[in-house]
Amino acid sequence: MANNINKNQVFNQITELQKSLESIDKFLFKIQCVTDSQSYVEQEDGEPITLDYLPDVAMEKIKAIREIILEREKTINKMLDFYLKLYQDIENDEKE
């Protein structure tokens with residue numbers, strides 16, 4: 001398997017995965033900093049309507065988004081582990 005991919009390609013993939021993890025961390029921080037607003041305006045037939053803000057619903061949505069992002073982070077970490085092992089295997093092959 002290591003013969004079909006070179007060390008530089010694996011290193012580039014590791015770098016990209018690390019960047020993805022950094023962006024996930026930044027996004028999770030933004031989610032934690034979300035502030036509640038009291039109401040919002042929605043257009044219906046050209047007339048603005050103020051609807052009451054439902055903080056419980058918003059919090060459930062935020063929790064769901066957070067769970068999706070955390071699962072994505074787990075997947076990226078597994079991919080990172082795979083590529084790190086592959087990188088080590090290529091290095092070991094080069095030493096032999």
# chains A, B, ... in the order shown; residues from 1 in each chain; ligands from 1

$ residues_around --residues "A:Asn77" --least-positions-apart "2" --cutoff "12 Å" --atoms "only C-alpha atoms" --output "ChimeraX atom specification"
/A:14,16-22,24,70-75,79-84

$ atom_distance --atom1 "atom CA of A:Ile90" --atom2 "atom CA of A:Val10"
9.2 Å

$ atom_distance --atom1 "atom CA of A:Lys26" --atom2 "atom CA of A:Phe11"
23.0 Å

$ atom_distance --atom1 "atom CA of A:Leu28" --atom2 "atom CA of A:Arg66"
6.9 Å
